[in-house]
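Accompanying notes for the structure given below.
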Amino acid sequence: MAEPRNYNDIRAWSVVRAYLSAASKYPWFFTAAVIATLIVEGENVLEPLYLKQVVDLLSKGTPTEAVLIAIYTALGIYALLYFSGWAGRRIASYLTVELEAEVIRDLFNTSAATLLAHSHEFFISNFTGTLTRRVTRYTRAFESFFDNIIFNFLPAIFFVIGILIVLSLKSILLGLGLLAWTLLFIGIQYAMVRYYQPLRIERSAADSATTGTLSDAVLNHATITTFASLDRERSIFGKVVDHWYTATRNSWLSNNYIAGVQGVLVMAIEFIFFVLIIYFWQQGTATVGDFVLIQAYLTILMDRIWGIGRNMRELYDVFADATEMLDIIELPNDIVDAPDARPLAVREGQIVFDHVRFEYRDGQTVFEDCDITIAPHEKVAFVGPSGAGKSTITKLLLRLYNVSGGAITIDGQDIALATQESVREAIAFVPQEQSLFHRTLMENIRYGRADATDDEVIEAAKQAHCLEFIERYSDGFDTMVGERGVKLSGGERQRVAIARAILKNAPILVLDEATSSLDSESESLIQDALAKLMQGKTVIAIAHRLSTIMHMDRIIVMENGRIALSGTHTELLSQESNLYKKLWEIQAGGFIAEDEDPI
Ligand SMILES: Nc1ncnc2c1ncn2[C@@H]1O[C@H](COP(=O)(O)OP(=O)(O)OP(=O)(O)O)[C@@H](O)[C@H]1O
Ligand SMILES: [Mg+2]
């Protein structure tokens, strides 16, 4: 759960490029915001010059008309500059709001779309919570990124360049001195921020550990309650929080040390500049106004660079957060349409596994050389021990994975060369584990066919025997089913999934343990609905309970990724002793305790 961050993993330039390219869609907002910032800093550089003029004029001591006119002119310009600075700030803030809102909207849309387009394998190998957090962090980090650029880094750069020019015109020594000091100040802050980085990494890891431990406990609260282990969990969480306390305290204290060193550097420059100005004054080359000018510049300079260490840390966080999402955005998708992919045209629904070889990325080989031919409209059942590869057959047919050898064809067309969308449209699939959206029952069932009318949804729900439980809810079809459908029982979820398949009415029907969570009575009712649904379709049905598939055209018994046997129920039973016969006998004609694995 802890995600320690490391400088080496951070791709700052890739992030800058990604963000700038997102912002470049709004070139006017962007350019205008930069110009507004330039105006504000122009004001900050020029204003003290007129202040200096006023002070020099005042210190002359003789308020002649000419002097007064000069003073009021300088004050007038001062006021004008003040106003333009105010306007520049307001405009920069306004443009920043507009630009950030636009860009964040784009980033949300593009990163969600890229994330969801990833493969099945990608999602089962990554934590859901981590993925969604990455999207939010990536999009929201843009705000911090752009705020820092417009309100911190650009102003600091513009202002430093501005006063360097002004001071160098006065004395090259002052200019170079200030430049050297500014670089030293920023360099020392940068070095200290990096030096204390391990503390920050540790704090961030401790942060993740507290949320991780807490959410693990929340997810498992049922286990905690039934094992009466609240005290145990409290002490585990207490230890994690203790670590958080130490790590956080150390990291926060390091900020104090950085501020301490900054304070010393500020004192030093103030003092050095005092001495220099007094020296120039002795030489007759500096006035009281110059003294005021330098003071004003130093005050604004401090304002611009004091927080630069904190801003660097914020930018570092931005880069760290955004890199995590960029990794996902740039990750090549495992399953992509072939360059000249064409939509699959299903005429009859013949399915062929032609010498298919397949292994999961990190697993052993599931199929060495799998040959299966399913005739159009044939209804085939797959049975066999757990882990034999039955569900894998369905995943390959839906092209959730690519085969590593051989081909799978539907009506003679290689599914790897057809568009993924058309392959999946041709198949109605009831998976082994259903998960429902946190939406209403109506919306969940309608997922089978987006343009189905309410009446069609209700009819499908009726056929799948969903009405029995839907009517129990006072909100009926408008009932929200909870995250992943947790408010429904396993059997109820299965019936929703079957209703979806009924609604989809695709030429190929794939049922993976579609009725395994149902009691025998509901199952036999649903079998009727399924039998109707199967008419005129090619069907693959996987089941452990043999009674549900005994009437299928053909039964394929799988074992260790191989076809061990194949034939009709009667054929298989009439043979000498075989795996199917053994299974059938154990299940005593289909009467077997619920959920018991037949092997
Ligand atoms: N995503 C995955 N990554 C790695 N290995 C996997 C993955 N999914 C399944 N496997 C492995 O592939 C093999 C076949 O799994 P599969 O799910 O096809 O079995 P099954 O016949 O459907 O079993 P069950 O009857 O329990 O549903 C198993 O050994 C399993 O551990
Ligand atoms: Mg399975």
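Letters A, B, ... go to the chains of the structure tokens in the order shown; residues in each chain start at 1; ligands are counted from 1 in the same order.
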Within 12 Å of ligand 2: each chain A residue with its shortest pair, only C-alpha atoms and all ligand atoms, as a tab-separated table:
```
residue	atom	partner	partner_atom_place_in_ligand_line	distance
A:Phe382	CA	ligand 2	1 (Mg)	10.2
A:Val383	CA	ligand 2	1 (Mg)	9.8
A:Gly384	CA	ligand 2	1 (Mg)	9.8
A:Pro385	CA	ligand 2	1 (Mg)	9.4
A:Ser386	CA	ligand 2	1 (Mg)	6.8
A:Gly387	CA	ligand 2	1 (Mg)	6.9
A:Ala388	CA	ligand 2	1 (Mg)	8.2
A:Gly389	CA	ligand 2	1 (Mg)	7.0
A:Lys390	CA	ligand 2	1 (Mg)	5.5
A:Ser391	CA	ligand 2	1 (Mg)	4.0
A:Thr392	CA	ligand 2	1 (Mg)	7.1
A:Ile393	CA	ligand 2	1 (Mg)	9.2
A:Thr394	CA	ligand 2	1 (Mg)	9.0
A:Lys395	CA	ligand 2	1 (Mg)	9.9
A:Val430	CA	ligand 2	1 (Mg)	11.7
A:Pro431	CA	ligand 2	1 (Mg)	8.7
A:Gln432	CA	ligand 2	1 (Mg)	6.3
A:Glu433	CA	ligand 2	1 (Mg)	9.0
A:Leu511	CA	ligand 2	1 (Mg)	10.5
A:Asp512	CA	ligand 2	1 (Mg)	6.8
A:Glu513	CA	ligand 2	1 (Mg)	7.5
A:Ala514	CA	ligand 2	1 (Mg)	10.7
A:Ser516	CA	ligand 2	1 (Mg)	11.2
A:Ala541	CA	ligand 2	1 (Mg)	11.0
A:Ile542	CA	ligand 2	1 (Mg)	7.9
A:Ala543	CA	ligand 2	1 (Mg)	8.9
A:His544	CA	ligand 2	1 (Mg)	9.6
A:Met558	CA	ligand 2	1 (Mg)	11.6
A:Asp597	CA	ligand 2	1 (Mg)	11.9
```
Would you mind exporting N, CA and C atoms of the selected residues as a PDB file, in the first residue's frame?
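Output file result-v8.pdb follows:
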```
ATOM      1  N   PHE A 382     -18.841 -27.316 -20.822  1.00  0.00           N
ATOM      2  CA  PHE A 382     -17.482 -27.628 -20.369  1.00  0.00           C
ATOM      3  C   PHE A 382     -17.546 -27.983 -18.899  1.00  0.00           C
ATOM      4  N   VAL A 383     -17.031 -29.122 -18.568  1.00  0.00           N
ATOM      5  CA  VAL A 383     -16.966 -29.484 -17.151  1.00  0.00           C
ATOM      6  C   VAL A 383     -15.537 -29.908 -16.837  1.00  0.00           C
ATOM      7  N   GLY A 384     -15.246 -30.054 -15.569  1.00  0.00           N
ATOM      8  CA  GLY A 384     -13.899 -30.493 -15.210  1.00  0.00           C
ATOM      9  C   GLY A 384     -13.467 -29.844 -13.927  1.00  0.00           C
ATOM     10  N   PRO A 385     -12.376 -30.338 -13.390  1.00  0.00           N
ATOM     11  CA  PRO A 385     -11.929 -29.860 -12.084  1.00  0.00           C
ATOM     12  C   PRO A 385     -11.592 -28.369 -12.083  1.00  0.00           C
ATOM     13  N   SER A 386     -11.609 -27.813 -10.903  1.00  0.00           N
ATOM     14  CA  SER A 386     -11.267 -26.411 -10.721  1.00  0.00           C
ATOM     15  C   SER A 386      -9.846 -26.167 -11.215  1.00  0.00           C
ATOM     16  N   GLY A 387      -9.653 -25.103 -11.975  1.00  0.00           N
ATOM     17  CA  GLY A 387      -8.317 -24.782 -12.481  1.00  0.00           C
ATOM     18  C   GLY A 387      -7.984 -25.472 -13.783  1.00  0.00           C
ATOM     19  N   ALA A 388      -8.985 -26.209 -14.374  1.00  0.00           N
ATOM     20  CA  ALA A 388      -8.701 -26.953 -15.606  1.00  0.00           C
ATOM     21  C   ALA A 388      -8.532 -26.024 -16.807  1.00  0.00           C
ATOM     22  N   GLY A 389      -9.085 -24.812 -16.705  1.00  0.00           N
ATOM     23  CA  GLY A 389      -8.954 -23.873 -17.821  1.00  0.00           C
ATOM     24  C   GLY A 389     -10.279 -23.533 -18.470  1.00  0.00           C
ATOM     25  N   LYS A 390     -11.371 -23.842 -17.804  1.00  0.00           N
ATOM     26  CA  LYS A 390     -12.692 -23.612 -18.406  1.00  0.00           C
ATOM     27  C   LYS A 390     -12.970 -22.115 -18.575  1.00  0.00           C
ATOM     28  N   SER A 391     -12.772 -21.365 -17.487  1.00  0.00           N
ATOM     29  CA  SER A 391     -13.034 -19.913 -17.591  1.00  0.00           C
ATOM     30  C   SER A 391     -12.069 -19.271 -18.570  1.00  0.00           C
ATOM     31  N   THR A 392     -10.859 -19.825 -18.645  1.00  0.00           N
ATOM     32  CA  THR A 392      -9.873 -19.256 -19.568  1.00  0.00           C
ATOM     33  C   THR A 392     -10.371 -19.349 -21.010  1.00  0.00           C
ATOM     34  N   ILE A 393     -11.066 -20.441 -21.343  1.00  0.00           N
ATOM     35  CA  ILE A 393     -11.644 -20.585 -22.687  1.00  0.00           C
ATOM     36  C   ILE A 393     -12.545 -19.386 -22.988  1.00  0.00           C
ATOM     37  N   THR A 394     -13.390 -19.029 -22.013  1.00  0.00           N
ATOM     38  CA  THR A 394     -14.329 -17.927 -22.265  1.00  0.00           C
ATOM     39  C   THR A 394     -13.573 -16.607 -22.392  1.00  0.00           C
ATOM     40  N   LYS A 395     -12.536 -16.427 -21.570  1.00  0.00           N
ATOM     41  CA  LYS A 395     -11.784 -15.156 -21.635  1.00  0.00           C
ATOM     42  C   LYS A 395     -11.068 -15.016 -22.967  1.00  0.00           C
ATOM     43  N   VAL A 430     -22.234 -14.438 -19.378  1.00  0.00           N
ATOM     44  CA  VAL A 430     -22.586 -14.375 -17.961  1.00  0.00           C
ATOM     45  C   VAL A 430     -21.374 -14.907 -17.205  1.00  0.00           C
ATOM     46  N   PRO A 431     -20.601 -14.036 -16.560  1.00  0.00           N
ATOM     47  CA  PRO A 431     -19.344 -14.469 -15.969  1.00  0.00           C
ATOM     48  C   PRO A 431     -19.521 -15.236 -14.664  1.00  0.00           C
ATOM     49  N   GLN A 432     -18.430 -15.871 -14.272  1.00  0.00           N
ATOM     50  CA  GLN A 432     -18.448 -16.652 -13.033  1.00  0.00           C
ATOM     51  C   GLN A 432     -18.681 -15.728 -11.836  1.00  0.00           C
ATOM     52  N   GLU A 433     -18.052 -14.550 -11.873  1.00  0.00           N
ATOM     53  CA  GLU A 433     -18.258 -13.598 -10.783  1.00  0.00           C
ATOM     54  C   GLU A 433     -18.830 -12.313 -11.346  1.00  0.00           C
ATOM     55  N   LEU A 511     -21.946 -19.002 -20.822  1.00  0.00           N
ATOM     56  CA  LEU A 511     -22.383 -19.012 -19.432  1.00  0.00           C
ATOM     57  C   LEU A 511     -21.304 -19.671 -18.578  1.00  0.00           C
ATOM     58  N   ASP A 512     -20.675 -18.912 -17.701  1.00  0.00           N
ATOM     59  CA  ASP A 512     -19.648 -19.507 -16.842  1.00  0.00           C
ATOM     60  C   ASP A 512     -20.229 -19.661 -15.446  1.00  0.00           C
ATOM     61  N   GLU A 513     -20.619 -20.856 -15.109  1.00  0.00           N
ATOM     62  CA  GLU A 513     -21.218 -21.099 -13.797  1.00  0.00           C
ATOM     63  C   GLU A 513     -22.360 -20.129 -13.546  1.00  0.00           C
ATOM     64  N   ALA A 514     -23.220 -19.968 -14.568  1.00  0.00           N
ATOM     65  CA  ALA A 514     -24.209 -18.894 -14.511  1.00  0.00           C
ATOM     66  C   ALA A 514     -25.248 -19.097 -13.428  1.00  0.00           C
ATOM     67  N   SER A 516     -24.644 -21.129 -10.574  1.00  0.00           N
ATOM     68  CA  SER A 516     -24.033 -21.876  -9.467  1.00  0.00           C
ATOM     69  C   SER A 516     -24.464 -21.383  -8.088  1.00  0.00           C
ATOM     70  N   ALA A 541     -21.467 -23.455 -22.172  1.00  0.00           N
ATOM     71  CA  ALA A 541     -21.908 -23.346 -20.781  1.00  0.00           C
ATOM     72  C   ALA A 541     -20.938 -24.124 -19.904  1.00  0.00           C
ATOM     73  N   ILE A 542     -20.495 -23.470 -18.857  1.00  0.00           N
ATOM     74  CA  ILE A 542     -19.578 -24.129 -17.927  1.00  0.00           C
ATOM     75  C   ILE A 542     -20.360 -24.410 -16.652  1.00  0.00           C
ATOM     76  N   ALA A 543     -20.228 -25.597 -16.119  1.00  0.00           N
ATOM     77  CA  ALA A 543     -20.971 -25.893 -14.891  1.00  0.00           C
ATOM     78  C   ALA A 543     -20.264 -26.953 -14.087  1.00  0.00           C
ATOM     79  N   HIS A 544     -20.368 -26.839 -12.782  1.00  0.00           N
ATOM     80  CA  HIS A 544     -19.903 -27.916 -11.923  1.00  0.00           C
ATOM     81  C   HIS A 544     -21.054 -28.879 -11.658  1.00  0.00           C
ATOM     82  N   MET A 558     -12.775 -31.214 -19.370  1.00  0.00           N
ATOM     83  CA  MET A 558     -11.410 -30.673 -19.434  1.00  0.00           C
ATOM     84  C   MET A 558     -10.621 -31.104 -18.214  1.00  0.00           C
ATOM     85  N   ASP A 597     -17.426 -28.669  -4.282  1.00  0.00           N
ATOM     86  CA  ASP A 597     -16.681 -28.918  -5.503  1.00  0.00           C
ATOM     87  C   ASP A 597     -16.796 -30.397  -5.809  1.00  0.00           C
TER      88      ASP A 597
END
```
Mind checking which residues fall within 6 Å of range 442-456 of chain A, counting only C-alpha atoms, ignoring those fewer than 6 positions away in the same chain, and posting them as a PDB file with C-alpha atoms, in the first residue's frame?
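Ended up saving to out.pdb:
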```pdb
ATOM      1  CA  PHE A 477     -36.305  -1.160 -10.281  1.00  0.00           C
ATOM      2  CA  ARG A 500     -28.580  -8.718 -19.081  1.00  0.00           C
ATOM      3  CA  ALA A 501     -27.700 -11.650 -21.350  1.00  0.00           C
ATOM      4  CA  LEU A 503     -31.625  -8.483 -23.143  1.00  0.00           C
ATOM      5  CA  LYS A 504     -28.432  -8.566 -25.179  1.00  0.00           C
TER       6      LYS A 504
END
```
Pairwise distance for CA of Ile91 in chain A and CA of Thr31 in chain A, rounded to one decimal in Å: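 Those two atoms sit 11.9 Å apart.
Among the candidates A:Ile124, A:Ile408, A:Leu488, A:Leu253, the one nearest to ligand 1 when counting only C-alpha atoms and all ligand atoms is A:Ile124.
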Report as a PyMOL selection string all protein, DNA and RNA residues lying within 8 Å of Leu164 in chain A, evaluated on only C-alpha atoms, omitting residues in the same chain fewer than 5 positions from it. chain A and resi 175-176+178-179
Those residues you just picked out, can you put them in a file as a PDB file, in the first residue's frame with all heavy atoms?
```pdb
ATOM      1  N   GLY A 175      24.570  44.581  -8.774  1.00  0.00           N
ATOM      2  CA  GLY A 175      23.845  43.617  -9.593  1.00  0.00           C
ATOM      3  C   GLY A 175      24.411  42.213  -9.438  1.00  0.00           C
ATOM      4  O   GLY A 175      23.688  41.267  -9.118  1.00  0.00           O
ATOM      5  N   LEU A 176      25.731  42.120  -9.621  1.00  0.00           N
ATOM      6  CA  LEU A 176      26.359  40.794  -9.533  1.00  0.00           C
ATOM      7  C   LEU A 176      26.234  40.223  -8.127  1.00  0.00           C
ATOM      8  O   LEU A 176      25.975  39.035  -7.951  1.00  0.00           O
ATOM      9  CB  LEU A 176      27.838  40.891  -9.928  1.00  0.00           C
ATOM     10  CG  LEU A 176      28.093  41.091 -11.415  1.00  0.00           C
ATOM     11  CD1 LEU A 176      29.595  41.166 -11.690  1.00  0.00           C
ATOM     12  CD2 LEU A 176      27.471  39.948 -12.234  1.00  0.00           C
ATOM     13  N   LEU A 178      23.889  40.784  -5.950  1.00  0.00           N
ATOM     14  CA  LEU A 178      22.527  40.304  -5.713  1.00  0.00           C
ATOM     15  C   LEU A 178      22.282  38.990  -6.458  1.00  0.00           C
ATOM     16  O   LEU A 178      21.667  38.061  -5.923  1.00  0.00           O
ATOM     17  CB  LEU A 178      21.518  41.355  -6.176  1.00  0.00           C
ATOM     18  CG  LEU A 178      20.123  41.026  -5.702  1.00  0.00           C
ATOM     19  CD1 LEU A 178      19.976  41.377  -4.235  1.00  0.00           C
ATOM     20  CD2 LEU A 178      19.073  41.715  -6.527  1.00  0.00           C
ATOM     21  N   LEU A 179      22.795  38.915  -7.697  1.00  0.00           N
ATOM     22  CA  LEU A 179      22.612  37.688  -8.478  1.00  0.00           C
ATOM     23  C   LEU A 179      23.259  36.507  -7.753  1.00  0.00           C
ATOM     24  O   LEU A 179      22.649  35.446  -7.581  1.00  0.00           O
ATOM     25  CB  LEU A 179      23.235  37.852  -9.868  1.00  0.00           C
ATOM     26  CG  LEU A 179      23.140  36.623 -10.762  1.00  0.00           C
ATOM     27  CD1 LEU A 179      21.676  36.327 -11.074  1.00  0.00           C
ATOM     28  CD2 LEU A 179      23.909  36.810 -12.059  1.00  0.00           C
TER      29      LEU A 179
END
```
So which residues touch Ala18 in chain A within 10 Å, counting only C-alpha atoms, skipping near sequence neighbours fewer than 6 positions away, as a PDB file with all heavy atoms, in the first residue's frame?
```pdb
ATOM      1  N   ALA A  12      10.240  14.319 -14.205  1.00  0.00           N
ATOM      2  CA  ALA A  12       9.755  15.694 -14.136  1.00  0.00           C
ATOM      3  C   ALA A  12       9.484  16.268 -15.527  1.00  0.00           C
ATOM      4  O   ALA A  12       8.437  16.863 -15.763  1.00  0.00           O
ATOM      5  CB  ALA A  12      10.768  16.554 -13.396  1.00  0.00           C
ATOM      6  N   SER A  24      -1.603  23.872 -23.633  1.00  0.00           N
ATOM      7  CA  SER A  24      -1.426  24.560 -24.911  1.00  0.00           C
ATOM      8  C   SER A  24      -2.699  24.555 -25.752  1.00  0.00           C
ATOM      9  O   SER A  24      -2.794  25.249 -26.755  1.00  0.00           O
ATOM     10  CB  SER A  24      -0.275  23.940 -25.700  1.00  0.00           C
ATOM     11  OG  SER A  24      -0.665  22.658 -26.122  1.00  0.00           O
ATOM     12  N   LEU A 107      -8.048  16.792 -18.521  1.00  0.00           N
ATOM     13  CA  LEU A 107      -7.200  15.729 -17.959  1.00  0.00           C
ATOM     14  C   LEU A 107      -8.055  14.617 -17.357  1.00  0.00           C
ATOM     15  O   LEU A 107      -7.753  13.433 -17.494  1.00  0.00           O
ATOM     16  CB  LEU A 107      -6.257  16.297 -16.902  1.00  0.00           C
ATOM     17  CG  LEU A 107      -5.131  17.198 -17.421  1.00  0.00           C
ATOM     18  CD1 LEU A 107      -4.357  17.786 -16.255  1.00  0.00           C
ATOM     19  CD2 LEU A 107      -4.183  16.421 -18.325  1.00  0.00           C
ATOM     20  N   ALA A 322       2.045  12.924 -10.621  1.00  0.00           N
ATOM     21  CA  ALA A 322       1.733  12.836 -12.046  1.00  0.00           C
ATOM     22  C   ALA A 322       2.502  11.701 -12.706  1.00  0.00           C
ATOM     23  O   ALA A 322       1.993  11.058 -13.624  1.00  0.00           O
ATOM     24  CB  ALA A 322       2.035  14.154 -12.727  1.00  0.00           C
ATOM     25  N   LEU A 326       1.280   8.997 -15.409  1.00  0.00           N
ATOM     26  CA  LEU A 326       1.921   8.934 -16.734  1.00  0.00           C
ATOM     27  C   LEU A 326       2.363   7.512 -17.040  1.00  0.00           C
ATOM     28  O   LEU A 326       2.288   7.057 -18.175  1.00  0.00           O
ATOM     29  CB  LEU A 326       3.131   9.855 -16.784  1.00  0.00           C
ATOM     30  CG  LEU A 326       2.890  11.324 -17.089  1.00  0.00           C
ATOM     31  CD1 LEU A 326       4.211  12.006 -17.379  1.00  0.00           C
ATOM     32  CD2 LEU A 326       1.948  11.505 -18.269  1.00  0.00           C
TER      33      LEU A 326
END
```
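Excluding range 299-304 of chain A and any residue on its chain fewer than 5 positions from it, the residues at most 10 Å away by only C-alpha atoms are Glu41, Asn44, Val45, Pro48, Phe151, Asn152, Phe153, Leu154, Pro155, Ala156, Ile157, Phe159, Val160, Ile163, Thr182, Gln262, Val266, Glu270, Leu293 and Ile294 of chain A.
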